[in-house]
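Undergrad: This is run_9.pdb (PDB, C-alpha atoms).
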ATOM      1  CA  MET J  80      26.931-114.423 -14.246
ATOM      2  CA  LYS J  81      27.880-118.106 -14.215
ATOM      3  CA  SER J  82      31.017-117.515 -16.270
ATOM      4  CA  SER J  83      32.224-114.638 -14.112
ATOM      5  CA  LEU J  84      31.856-116.905 -11.076
ATOM      6  CA  ILE J  85      33.907-119.603 -12.861
ATOM      7  CA  ILE J  86      36.539-116.943 -13.621
ATOM      8  CA  LEU J  87      36.693-115.974  -9.952
ATOM      9  CA  GLY J  88      37.062-119.707  -9.178
ATOM     10  CA  CYS J  89      39.962-120.060 -11.644
ATOM     11  CA  LEU J  90      41.706-117.048 -10.140
ATOM     12  CA  THR J  91      41.262-118.392  -6.606
ATOM     13  CA  ALA J  92      42.473-121.866  -7.648
ATOM     14  CA  GLY J  93      45.527-120.344  -9.335
ATOM     15  CA  ILE J  94      46.368-118.241  -6.279
ATOM     16  CA  LEU J  95      46.018-121.301  -3.993
ATOM     17  CA  VAL J  96      48.243-123.406  -6.273
ATOM     18  CA  GLY J  97      50.770-120.570  -6.315
ATOM     19  CA  VAL J  98      50.720-120.130  -2.531
ATOM     20  CA  LEU J  99      50.663-123.818  -1.541
ATOM     21  CA  ALA J 100      52.291-125.927  -4.223
ATOM     22  CA  LEU J 101      54.891-123.491  -5.550
ATOM     23  CA  PRO J 102      55.174-124.585  -9.215
ATOM     24  CA  PRO J 103      58.740-125.086 -10.568
ATOM     25  CA  LYS J 104      60.557-121.822 -11.118
ATOM     26  CA  THR J 105      61.715-122.877 -14.584
ATOM     27  CA  PHE J 106      58.046-123.058 -15.665
ATOM     28  CA  LEU J 107      57.312-119.547 -14.378
ATOM     29  CA  ASP J 108      60.479-118.131 -15.957
ATOM     30  CA  LEU J 109      59.077-119.146 -19.364
ATOM     31  CA  ASP J 110      56.294-116.623 -18.663
ATOM     32  CA  PRO J 111      53.488-118.871 -20.015
ATOM     33  CA  THR J 112      50.913-116.079 -19.678
ATOM     34  CA  ILE J 113      52.228-114.169 -22.716
ATOM     35  CA  TYR J 114      51.670-117.145 -25.048
ATOM     36  CA  ALA J 115      48.237-117.826 -23.563
ATOM     37  CA  LEU J 116      47.431-114.111 -23.996
ATOM     38  CA  ASN J 117      48.358-114.033 -27.684
ATOM     39  CA  VAL J 118      46.285-117.151 -28.382
ATOM     40  CA  LEU J 119      43.355-115.746 -26.413
ATOM     41  CA  LEU J 120      43.432-112.364 -28.170
ATOM     42  CA  PHE J 121      43.505-114.079 -31.555
ATOM     43  CA  LEU J 122      40.480-116.187 -30.576
ATOM     44  CA  VAL J 123      38.601-113.182 -29.151
ATOM     45  CA  GLY J 124      39.365-111.415 -32.440
ATOM     46  CA  THR J 125      37.766-114.223 -34.470
ATOM     47  CA  GLU J 126      34.583-113.853 -32.401
ATOM     48  CA  ILE J 127      34.429-110.100 -32.997
ATOM     49  CA  GLY J 128      35.243-110.536 -36.698
ATOM     50  CA  ALA J 129      32.642-113.261 -37.194
ATOM     51  CA  ASN J 130      29.948-111.265 -35.371
ATOM     52  CA  THR J 131      27.873-110.015 -38.311
ATOM     53  CA  ARG J 132      26.109-107.570 -35.975
ATOM     54  CA  VAL J 133      29.392-105.671 -35.623
ATOM     55  CA  TRP J 134      29.638-105.152 -39.382
ATOM     56  CA  GLN J 135      25.960-104.310 -39.702
ATOM     57  CA  MET J 136      26.469-101.621 -37.045
ATOM     58  CA  ALA J 137      29.516-100.313 -38.862
ATOM     59  CA  ARG J 138      27.254 -99.679 -41.850
ATOM     60  CA  ASN J 139      24.495 -98.160 -39.697
ATOM     61  CA  GLN J 140      24.676 -94.421 -40.247
ATOM     62  CA  ASN J 141      22.730 -93.071 -37.260
ATOM     63  CA  VAL J 142      25.379 -90.969 -35.552
ATOM     64  CA  ARG J 143      23.305 -90.059 -32.485
ATOM     65  CA  ILE J 144      23.504 -93.645 -31.262
ATOM     66  CA  LEU J 145      27.260 -93.137 -30.724
ATOM     67  CA  LEU J 146      26.451 -90.653 -27.948
ATOM     68  CA  VAL J 147      25.674 -93.648 -25.725
ATOM     69  CA  PRO J 148      29.153 -95.279 -25.767
ATOM     70  CA  LEU J 149      30.582 -91.750 -25.731
ATOM     71  CA  SER J 150      28.784 -90.997 -22.457
ATOM     72  CA  ALA J 151      30.025 -94.329 -21.065
ATOM     73  CA  ILE J 152      33.590 -93.317 -21.925
ATOM     74  CA  LEU J 153      33.254 -89.756 -20.592
ATOM     75  CA  GLY J 154      31.395 -90.920 -17.480
ATOM     76  CA  THR J 155      33.891 -93.698 -16.743
ATOM     77  CA  PHE J 156      36.720 -91.212 -17.192
ATOM     78  CA  LEU J 157      35.174 -88.643 -14.801
ATOM     79  CA  GLY J 158      33.944 -91.189 -12.240
ATOM     80  CA  VAL J 159      37.194 -93.156 -12.092
ATOM     81  CA  ALA J 160      39.286 -89.958 -12.045
ATOM     82  CA  LEU J 161      37.264 -88.739  -9.047
ATOM     83  CA  PHE J 162      37.154 -92.081  -7.203
ATOM     84  CA  SER J 163      40.862 -92.763  -7.784
ATOM     85  CA  VAL J 164      41.494 -90.165  -5.062
ATOM     86  CA  PHE J 165      40.228 -92.807  -2.610
ATOM     87  CA  VAL J 166      42.552 -95.448  -4.058
ATOM     88  CA  PRO J 167      46.017 -94.171  -3.177
ATOM     89  CA  GLY J 168      47.593 -97.562  -3.959
ATOM     90  CA  VAL J 169      46.780 -97.289  -7.684
ATOM     91  CA  GLY J 170      48.095 -94.397  -9.795
ATOM     92  CA  PHE J 171      45.853 -92.050 -11.792
ATOM     93  CA  ARG J 172      46.656 -93.465 -15.239
ATOM     94  CA  GLU J 173      46.559 -97.025 -13.886
ATOM     95  CA  SER J 174      43.093 -96.387 -12.405
ATOM     96  CA  LEU J 175      41.839 -95.043 -15.733
ATOM     97  CA  ALA J 176      43.229 -98.098 -17.550
ATOM     98  CA  VAL J 177      41.283-100.347 -15.160
ATOM     99  CA  GLY J 178      38.140 -98.293 -15.786
ATOM    100  CA  PHE J 179      38.619 -98.409 -19.559
ATOM    101  CA  GLY J 180      38.124-102.175 -19.403
ATOM    102  CA  PHE J 181      34.376-101.285 -19.377
ATOM    103  CA  GLY J 182      33.602-104.687 -17.827
ATOM    104  CA  TYR J 183      35.512-106.540 -20.561
ATOM    105  CA  TYR J 184      37.577-108.445 -17.989
ATOM    106  CA  THR J 185      38.781-111.113 -20.443
ATOM    107  CA  LEU J 186      40.810-108.581 -22.321
ATOM    108  CA  ALA J 187      41.380-105.885 -19.693
ATOM    109  CA  SER J 188      42.930-108.161 -17.052
ATOM    110  CA  VAL J 189      45.448-109.849 -19.330
ATOM    111  CA  LEU J 190      46.335-106.745 -21.320
ATOM    112  CA  ILE J 191      46.818-104.650 -18.174
ATOM    113  CA  ALA J 192      48.772-107.438 -16.439
ATOM    114  CA  GLN J 193      51.112-107.522 -19.422
ATOM    115  CA  ILE J 194      51.655-103.765 -19.669
ATOM    116  CA  GLY J 195      51.156-102.564 -16.091
ATOM    117  CA  GLY J 196      52.190-105.603 -14.014
ATOM    118  CA  LYS J 197      50.507-108.581 -12.338
ATOM    119  CA  THR J 198      49.146-106.616  -9.361
ATOM    120  CA  LEU J 199      47.331-104.106 -11.555
ATOM    121  CA  GLY J 200      46.124-107.026 -13.683
ATOM    122  CA  VAL J 201      44.379-108.511 -10.649
ATOM    123  CA  VAL J 202      42.771-105.167  -9.780
ATOM    124  CA  ALA J 203      41.590-104.916 -13.419
ATOM    125  CA  LEU J 204      40.187-108.448 -13.342
ATOM    126  CA  LEU J 205      38.254-107.956 -10.084
ATOM    127  CA  SER J 206      37.079-104.436 -10.943
ATOM    128  CA  ASN J 207      35.754-105.400 -14.374
ATOM    129  CA  ILE J 208      34.070-108.580 -13.108
ATOM    130  CA  LEU J 209      32.411-106.409 -10.452
ATOM    131  CA  ARG J 210      31.184-103.993 -13.131
ATOM    132  CA  GLU J 211      29.451-106.863 -14.924
ATOM    133  CA  LEU J 212      28.043-108.396 -11.733
ATOM    134  CA  ALA J 213      26.812-105.020 -10.441
ATOM    135  CA  THR J 214      25.042-104.343 -13.754
ATOM    136  CA  LEU J 215      23.368-107.759 -13.714
ATOM    137  CA  LEU J 216      22.142-107.130 -10.185
ATOM    138  CA  THR J 217      21.086-103.462 -10.452
ATOM    139  CA  ALA J 218      19.899-103.009 -14.074
ATOM    140  CA  PRO J 219      16.182-102.695 -13.163
ATOM    141  CA  LEU J 220      16.942-100.164 -10.405
ATOM    142  CA  LEU J 221      19.263 -98.113 -12.628
ATOM    143  CA  ALA J 222      16.590 -98.008 -15.355
ATOM    144  CA  ARG J 223      13.949 -96.845 -12.885
ATOM    145  CA  TYR J 224      15.918 -94.054 -11.222
ATOM    146  CA  PHE J 225      18.419 -92.904 -13.867
ATOM    147  CA  GLY J 226      16.702 -93.460 -17.208
ATOM    148  CA  ARG J 227      16.741 -96.139 -19.870
ATOM    149  CA  LEU J 228      20.317 -95.553 -20.983
ATOM    150  CA  ALA J 229      21.671 -96.083 -17.451
ATOM    151  CA  PRO J 230      21.868 -99.912 -17.383
ATOM    152  CA  ILE J 231      23.348 -99.851 -20.907
ATOM    153  CA  VAL J 232      26.270 -97.573 -20.014
ATOM    154  CA  SER J 233      26.688 -99.384 -16.701
ATOM    155  CA  GLY J 234      27.081-102.670 -18.567
ATOM    156  CA  GLY J 235      29.766-101.072 -20.748
ATOM    157  CA  ALA J 236      31.335-103.540 -23.175
ATOM    158  CA  THR J 237      29.189-106.356 -21.770
ATOM    159  CA  SER J 238      25.957-104.656 -22.952
ATOM    160  CA  MET J 239      26.292-106.552 -26.275
ATOM    161  CA  ASP J 240      26.311-110.052 -24.759
ATOM    162  CA  THR J 241      26.262-111.037 -21.070
ATOM    163  CA  THR J 242      24.192-108.143 -19.715
ATOM    164  CA  LEU J 243      22.040-107.712 -22.870
ATOM    165  CA  PRO J 244      19.183-109.970 -21.629
ATOM    166  CA  ILE J 245      18.764-108.145 -18.295
ATOM    167  CA  ILE J 246      19.046-104.762 -20.072
ATOM    168  CA  THR J 247      16.293-105.488 -22.606
ATOM    169  CA  LYS J 248      14.178-106.842 -19.758
ATOM    170  CA  SER J 249      14.670-103.604 -17.802
ATOM    171  CA  VAL J 250      14.358-100.970 -20.551
ATOM    172  CA  GLY J 251      12.505-102.698 -23.407
ATOM    173  CA  THR J 252      13.534-104.572 -26.539
ATOM    174  CA  GLU J 253      13.524-101.372 -28.622
ATOM    175  CA  TYR J 254      16.715-100.428 -26.781
ATOM    176  CA  ALA J 255      18.458-103.687 -27.749
ATOM    177  CA  VAL J 256      20.103-102.123 -30.809
ATOM    178  CA  ILE J 257      21.482 -99.215 -28.754
ATOM    179  CA  SER J 258      22.730-101.721 -26.181
ATOM    180  CA  VAL J 259      24.524-103.838 -28.796
ATOM    181  CA  VAL J 260      26.077-100.794 -30.494
ATOM    182  CA  ASN J 261      27.271 -99.517 -27.111
ATOM    183  CA  GLY J 262      28.865-102.898 -26.345
ATOM    184  CA  VAL J 263      30.468-103.226 -29.771
ATOM    185  CA  VAL J 264      32.001 -99.735 -29.706
ATOM    186  CA  LEU J 265      33.339-100.138 -26.157
ATOM    187  CA  THR J 266      34.646-103.656 -26.924
ATOM    188  CA  LEU J 267      36.605-102.286 -29.870
ATOM    189  CA  LEU J 268      37.852 -99.199 -28.000
ATOM    190  CA  ALA J 269      38.791-100.884 -24.678
ATOM    191  CA  PRO J 270      42.135-102.359 -25.875
ATOM    192  CA  VAL J 271      42.979 -99.141 -27.726
ATOM    193  CA  LEU J 272      42.239 -96.864 -24.725
ATOM    194  CA  ILE J 273      44.024 -99.176 -22.251
ATOM    195  CA  THR J 274      47.159 -99.346 -24.393
ATOM    196  CA  ALA J 275      47.070 -95.602 -25.042
ATOM    197  CA  ILE J 276      46.754 -94.600 -21.380
ATOM    198  CA  LEU J 277      49.427 -97.003 -20.078
ATOM    199  CA  ARG J 278      52.008 -96.329 -22.763
TER     200      ARG J 278
ATOM    201  CA  MET U 111      50.947-102.995 -29.120
ATOM    202  CA  GLN U 112      52.054-106.426 -30.380
ATOM    203  CA  VAL U 113      49.061-108.043 -28.629
ATOM    204  CA  LEU U 114      46.694-105.861 -30.663
ATOM    205  CA  LEU U 115      48.132-107.400 -33.846
ATOM    206  CA  PHE U 116      46.886-110.810 -32.680
ATOM    207  CA  LEU U 117      43.463-109.273 -32.021
ATOM    208  CA  VAL U 118      43.280-107.685 -35.487
ATOM    209  CA  ALA U 119      44.564-110.886 -37.155
ATOM    210  CA  GLY U 120      41.831-112.799 -35.317
ATOM    211  CA  MET U 121      39.174-110.320 -36.460
ATOM    212  CA  PHE U 122      40.306-110.781 -40.056
ATOM    213  CA  VAL U 123      40.219-114.589 -39.823
ATOM    214  CA  GLY U 124      36.868-114.469 -38.004
ATOM    215  CA  TYR U 125      35.402-112.290 -40.736
ATOM    216  CA  LEU U 126      36.609-114.707 -43.456
ATOM    217  CA  PHE U 127      35.017-117.668 -41.649
ATOM    218  CA  ARG U 128      31.885-115.806 -40.503
ATOM    219  CA  TYR U 129      29.517-118.305 -42.158
ATOM    220  CA  LYS U 130      31.376-121.454 -41.007
ATOM    221  CA  LYS U 131      29.366-122.029 -37.847
ATOM    222  CA  SER U 132      31.191-125.224 -36.749
ATOM    223  CA  ILE U 133      34.609-123.551 -36.917
ATOM    224  CA  LEU U 134      33.278-120.546 -34.988
ATOM    225  CA  ALA U 135      31.749-122.787 -32.323
ATOM    226  CA  THR U 136      35.128-124.507 -31.871
ATOM    227  CA  ALA U 137      36.854-121.121 -31.650
ATOM    228  CA  SER U 138      34.310-119.993 -29.056
ATOM    229  CA  THR U 139      34.931-123.093 -26.891
ATOM    230  CA  ALA U 140      38.686-122.622 -27.285
ATOM    231  CA  THR U 141      38.305-118.982 -26.188
ATOM    232  CA  THR U 142      36.495-119.991 -23.024
ATOM    233  CA  TRP U 143      39.080-122.619 -22.061
ATOM    234  CA  SER U 144      42.105-120.496 -22.903
ATOM    235  CA  LEU U 145      40.545-117.732 -20.795
ATOM    236  CA  TYR U 146      40.189-120.102 -17.824
ATOM    237  CA  LEU U 147      43.783-121.267 -18.364
ATOM    238  CA  LEU U 148      45.065-117.713 -18.581
ATOM    239  CA  ILE U 149      43.247-116.553 -15.431
ATOM    240  CA  PHE U 150      44.533-119.677 -13.650
ATOM    241  CA  LEU U 151      48.105-118.831 -14.751
ATOM    242  CA  LEU U 152      47.564-115.240 -13.648
ATOM    243  CA  GLY U 153      46.419-116.614 -10.284
ATOM    244  CA  ILE U 154      49.589-118.719  -9.999
ATOM    245  CA  SER U 155      51.840-115.741 -10.679
ATOM    246  CA  VAL U 156      49.868-113.761  -8.092
ATOM    247  CA  GLY U 157      50.046-116.638  -5.578
ATOM    248  CA  THR U 158      53.821-116.979  -5.912
ATOM    249  CA  ASN U 159      54.251-113.239  -5.299
ATOM    250  CA  ASP U 160      54.304-112.715  -1.514
ATOM    251  CA  THR U 161      53.853-108.944  -1.735
ATOM    252  CA  VAL U 162      50.701-109.316  -3.837
ATOM    253  CA  VAL U 163      49.283-112.123  -1.650
ATOM    254  CA  ARG U 164      49.556-109.931   1.438
ATOM    255  CA  ALA U 165      47.737-107.118  -0.423
ATOM    256  CA  LEU U 166      44.875-109.231  -1.840
ATOM    257  CA  GLY U 167      42.132-107.902   0.455
ATOM    258  CA  ARG U 168      43.225-104.350  -0.282
ATOM    259  CA  LEU U 169      43.242-105.058  -4.057
ATOM    260  CA  GLY U 170      39.619-106.203  -3.801
ATOM    261  CA  VAL U 171      38.611-102.951  -2.108
ATOM    262  CA  GLN U 172      40.512-100.904  -4.700
ATOM    263  CA  ALA U 173      38.772-102.818  -7.489
ATOM    264  CA  LEU U 174      35.379-102.207  -5.897
ATOM    265  CA  VAL U 175      35.956 -98.439  -5.527
ATOM    266  CA  LEU U 176      37.140 -98.116  -9.149
ATOM    267  CA  SER U 177      34.183-100.035 -10.602
ATOM    268  CA  ALA U 178      31.795 -97.967  -8.456
ATOM    269  CA  GLY U 179      33.389 -94.803  -9.895
ATOM    270  CA  GLY U 180      33.104 -96.054 -13.466
ATOM    271  CA  ILE U 181      29.460 -97.068 -13.093
ATOM    272  CA  ALA U 182      28.400 -93.916 -11.197
ATOM    273  CA  GLY U 183      30.080 -91.579 -13.703
ATOM    274  CA  SER U 184      28.645 -93.399 -16.733
ATOM    275  CA  VAL U 185      25.127 -93.473 -15.282
ATOM    276  CA  LEU U 186      25.145 -89.742 -14.450
ATOM    277  CA  VAL U 187      26.470 -88.666 -17.851
ATOM    278  CA  SER U 188      23.898 -90.939 -19.550
ATOM    279  CA  CYS U 189      21.144 -89.115 -17.584
ATOM    280  CA  PHE U 190      22.073 -85.837 -19.266
ATOM    281  CA  VAL U 191      22.507 -87.427 -22.689
ATOM    282  CA  SER U 192      19.180 -89.200 -22.292
ATOM    283  CA  ARG U 193      17.325 -85.959 -21.452
ATOM    284  CA  ALA U 194      19.097 -83.855 -24.070
ATOM    285  CA  PHE U 195      19.004 -86.213 -27.053
ATOM    286  CA  PHE U 196      16.870 -89.293 -26.508
ATOM    287  CA  ASP U 197      13.654 -88.040 -24.859
ATOM    288  CA  VAL U 198      13.081 -85.963 -27.997
ATOM    289  CA  VAL U 199      12.989 -89.156 -30.026
ATOM    290  CA  ARG U 200      10.299 -90.649 -27.845
ATOM    291  CA  HIS U 201       8.026 -87.625 -28.445
ATOM    292  CA  GLU U 202       8.597 -87.888 -32.188
ATOM    293  CA  LYS U 203       7.281 -91.469 -32.253
TER     294      LYS U 203
END
Turn the structure described in the file into structure tokens.
TA:
Amino acid sequence: MKSSLIILGCLTAGILVGVLALPPKTFLDLDPTIYALNVLLFLVGTEIGANTRVWQMARNQNVRILLVPLSAILGTFLGVALFSVFVPGVGFRESLAVGFGFGYYTLASVLIAQIGGKTLGVVALLSNILRELATLLTAPLLARYFGRLAPIVSGGATSMDTTLPIITKSVGTEYAVISVVNGVVLTLLAPVLITAILR
Amino acid sequence: MQVLLFLVAGMFVGYLFRYKKSILATASTATTWSLYLLIFLLGISVGTNDTVVRALGRLGVQALVLSAGGIAGSVLVSCFVSRAFFDVVRHEK
């Protein structure tokens, strides 16, 4: 919650600097974002690689558990495909790419900005931050009215870290493993699905 | 695709150093700050683009509609999956 607010602050600050101060054109022509992106992806990779839970899950053989991230993928696909009708400014494939961020705004925004352009990158950033914020705010309600898997799939990739505490609070600690697996699978698949749909 | 190579390389390095907590903590801090820097840079490139600046309010609405679609779809599909496959488990216990 706190970090997504800081992110929104950084975006706002950057926009204001861009609008008001107009940084030197030579600096922008260097396209500093691509270097920052490569460094960031490498660092994000080290966190995934060092996360022993990821490798424990990889060895976990219970296949049924994979139905949870699968329903998040299928549901996101169907929901975004349907709702993209109301977003004429963003194309069908572009909308799906935004949805396939699964709340993983760190990766989704920069990856989509690089492949699909800055404008779509901003939509991806806002949309995926909103997915995380909405899950943090509505997890107890989702659990009550739509079942115990609902806040997990709503959290998407964030169900392994930022939204995990509110999820276990809403649906019980015995669902923590499902929540982490869901987050891990979606975290690993998000960059793959985004690249696949935009290329 | 090139960006994914950096991700995979990072995963490999992270796995090798998975027990070196101090290195991982440094990497985690570096991740946070490079993320802030990157979003700030993204903001600058948005702010210097007049067309995008004029569309900002609209972009927010588009983002909201898309995340609503993603959440609603996921939640509904999970309802069916929950009833079909997971309620059974609870009875078994």
Undergrad: Using all atoms listed in the file, what table do you get, as CSV, when you list each residue of chain U with an atom no more than 6 Å from chain J, its nearest pair of atoms, and their distance in Å rounded to one decimal, rows by chain then rising number?
TA:
residue,atom,partner,partner_atom,distance
U:Phe116,CA,J:Phe121,CA,4.8
U:Leu117,CA,J:Gly124,CA,4.6
U:Gly120,CA,J:Gly124,CA,4.0
U:Met121,CA,J:Gly128,CA,3.9
U:Val123,CA,J:Thr125,CA,5.9
U:Gly124,CA,J:Thr125,CA,3.7
U:Tyr125,CA,J:Gly128,CA,4.4
U:Arg128,CA,J:Ala129,CA,4.2
U:Thr141,CA,J:Leu122,CA,5.6
U:Leu148,CA,J:Ala115,CA,5.9
U:Ile149,CA,J:Leu90,CA,5.5
U:Phe150,CA,J:Gly93,CA,4.5
U:Gly153,CA,J:Gly93,CA,4.0
U:Ile154,CA,J:Gly97,CA,4.3
U:Val156,CA,J:Ile94,CA,6.0
U:Gly157,CA,J:Gly97,CA,4.1
U:Thr158,CA,J:Gly97,CA,4.7
U:Leu169,CA,J:Val202,CA,5.7
U:Gln172,CA,J:Val166,CA,5.9
U:Ala173,CA,J:Ser206,CA,4.2
U:Leu174,CA,J:Ser206,CA,5.8
U:Leu176,CA,J:Val159,CA,5.8
U:Ser177,CA,J:Ser206,CA,5.3
U:Gly179,CA,J:Gly158,CA,4.3
U:Gly180,CA,J:Thr155,CA,4.1
U:Ile181,CA,J:Ser233,CA,5.1
U:Gly183,CA,J:Gly154,CA,4.1
U:Ser184,CA,J:Gly154,CA,3.8
U:Val185,CA,J:Ala229,CA,4.8
U:Val187,CA,J:Gly154,CA,5.4
U:Ser188,CA,J:Ser150,CA,5.7
U:Cys189,CA,J:Phe225,CA,6.0
Undergrad: Can you tell me which residues surround Ile245 (chain J) at a distance of at most 9 Å, considering only C-alpha atoms, apart from same-chain residues fewer than 3 positions away, and format the answer as a list in words?
TA: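 The filter keeps Thr214, Leu215, Leu216, Ala218, Pro219, Pro230, Thr241, Thr242, Lys248, Ser249 and Val250 of chain J.
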Undergrad: So how many Å separate CA of Ser238 (chain J) and CA of Ser258 (chain J), to one decimal?
TA: 5.4 Å
Undergrad: What are the centre and edge lengths in Å, to one decimal, of the axis-aligned box around all listed atoms of region 121-137 of chain U with 5 Å added on each side, as AutoDock Vina command-line options?
TA:
--center_x 34.8 --center_y -117.8 --center_z -37.6 --size_x 20.9 --size_y 24.9 --size_z 21.8
Undergrad: Could you work out how far CA of Met239 (chain J) lies from CA of Val256 (chain J), giving the answer in Å with one decimal?
TA: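 Result for CA of Val256 (chain J) versus CA of Met239 (chain J): 8.9 Å, one decimal.
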